[in-house]
Amino acid sequence: MKPSHFKGKEALEHVIEARQKGFAASAEVHGTELPGHYNAAADAAKETSLILTILWTLSVSHQLSLFFLCGWLVWKVGRSAILGWSRLERLHRLIEEERWEIEHHRTQERAELTALYAAKGFSGKLLEEVIDVLMSDDNRLLQVMLEEELGLTLGVYEHPLKQAAGASIGVAGAGLIMSFGLFFLPSWGPALCSGLIIALCSGTSAQLERNKVAPAIIWNLAVAALAALSAYLVAKAAV
């Protein structure tokens, strides 16, 4: 008879389901981009440069743009921190759930470990010895189950305040560069600086994610240009 802890599933099926749960818990709310302060900075810089470009395209006053930038800075920093805390909260909940299972369902946890390491190629006496060693230490067992069963890598989770700092750098840096562009080249400097910021951030993010750099730059620039042009055409049509 299958253990009730597995809800009618085999041990390996339960592990697969748990792995999907772990992926869902570790996913970013805004997508599957790399987490952390680098991503927060790049994302904030791209969004800031695009919004400032749209405001410039619509010929909004410089004073109003500055007020908007201050509010936008607070929003991006706060949002990055909240998303980081939410992600850590989900992680802590999974840790406590797994800790409870280890304390109350050791037989089932052993079955899960056996299925996992049998799938890795362990068998016979070696498999039993490996399982015995892992089951002898609850802290080590918890780490193994989080990484092997749920697919979580605990070392990649950054503190929310670090991510908020990355967002603040992104907004402030983009705002400063856009201001320089507007000051030195009022006619087309903001658009040039915006394109430069978006291309640089997109290319850097793609490189860190080991994706193709050129398509990432092209698509981000294309979407940004389309967004700015759409805002301009709608504003013209409304006049």
# chains A, B, ... in the order shown; residues from 1 in each chain; ligands from 1
>>> closest_atom_pairs(of="segment 119-184 of chain A", to="segment 55-71 of chain A", cutoff="9 Å", atoms="only C-alpha atoms", output="tab-separated table")
residue	atom	partner	partner_atom	distance
A:Val171	CA	A:Leu69	CA	8.2
A:Ala172	CA	A:Leu69	CA	8.7
A:Gly175	CA	A:Leu69	CA	7.4
A:Leu182	CA	A:Trp56	CA	8.9
>>> write_last_selection(atoms="all heavy atoms", output="PDB file, in the first residue's frame")
ATOM      1  N   VAL A 171      17.582  53.248 -11.457  1.00  0.00           N
ATOM      2  CA  VAL A 171      16.765  54.442 -11.688  1.00  0.00           C
ATOM      3  C   VAL A 171      17.627  55.705 -11.669  1.00  0.00           C
ATOM      4  O   VAL A 171      17.528  56.560 -12.557  1.00  0.00           O
ATOM      5  CB  VAL A 171      15.649  54.538 -10.624  1.00  0.00           C
ATOM      6  CG1 VAL A 171      14.903  55.866 -10.759  1.00  0.00           C
ATOM      7  CG2 VAL A 171      14.673  53.391 -10.773  1.00  0.00           C
ATOM      8  N   ALA A 172      18.476  55.830 -10.644  1.00  0.00           N
ATOM      9  CA  ALA A 172      19.303  57.032 -10.526  1.00  0.00           C
ATOM     10  C   ALA A 172      20.279  57.153 -11.693  1.00  0.00           C
ATOM     11  O   ALA A 172      20.473  58.242 -12.249  1.00  0.00           O
ATOM     12  CB  ALA A 172      20.065  56.998  -9.199  1.00  0.00           C
ATOM     13  N   GLY A 175      18.342  58.054 -14.866  1.00  0.00           N
ATOM     14  CA  GLY A 175      17.890  59.447 -14.785  1.00  0.00           C
ATOM     15  C   GLY A 175      19.025  60.428 -15.011  1.00  0.00           C
ATOM     16  O   GLY A 175      18.858  61.456 -15.687  1.00  0.00           O
ATOM     17  N   LEU A 182      19.666  65.351 -22.274  1.00  0.00           N
ATOM     18  CA  LEU A 182      18.763  66.465 -22.490  1.00  0.00           C
ATOM     19  C   LEU A 182      19.490  67.803 -22.402  1.00  0.00           C
ATOM     20  O   LEU A 182      19.172  68.753 -23.125  1.00  0.00           O
ATOM     21  CB  LEU A 182      17.638  66.421 -21.441  1.00  0.00           C
ATOM     22  CG  LEU A 182      16.573  67.504 -21.535  1.00  0.00           C
ATOM     23  CD1 LEU A 182      15.833  67.415 -22.872  1.00  0.00           C
ATOM     24  CD2 LEU A 182      15.590  67.386 -20.373  1.00  0.00           C
TER      25      LEU A 182
END
>>> residues_around(residues="segment 227-233 of chain A", least_positions_apart="6", cutoff="12 Å", atoms="only C-alpha atoms", output="MDAnalysis selection string")
chainID A and resid 47 49:60 190:191 194:195 220:221 239
>>> select_by_dssp(residues="segment 62-208 of chain A", states="alpha helix (DSSP H)", output="ChimeraX atom specification")
/A:62-104,106-119,124-135,138-144,160-184,189-208
>>> closest_residue(among="A:Gly121, A:Pro160, A:Gly78, A:Gly170", to="Leu200 of chain A", atoms="only C-alpha atoms")
A:Gly170
>>> closest_residue(among="A:Met145, A:Ile177, A:Leu88, A:Ala224", to="Gly189 of chain A", atoms="only C-alpha atoms")
A:Ile177
>>> closest_residue(among="A:Leu116, A:Ile217, A:Ala164, A:Ile82", to="Cys201 of chain A", atoms="only C-alpha atoms")
A:Ile217
>>> atom_distance(atom1="atom CA of Leu141 of chain A", atom2="atom CA of Gly36 of chain A")
27.1 Å
>>> atom_distance(atom1="atom CA of Ala225 of chain A", atom2="atom CA of Ile198 of chain A")
10.5 Å
>>> closest_residue(among="A:Leu226, A:Ala235, A:Val77, A:Ala174", to="Leu196 of chain A", atoms="only C-alpha atoms")
A:Ala174
>>> closest_residue(among="A:Ala238, A:Leu113, A:Ile131, A:Leu146", to="Glu97 of chain A", atoms="only C-alpha atoms")
A:Leu146
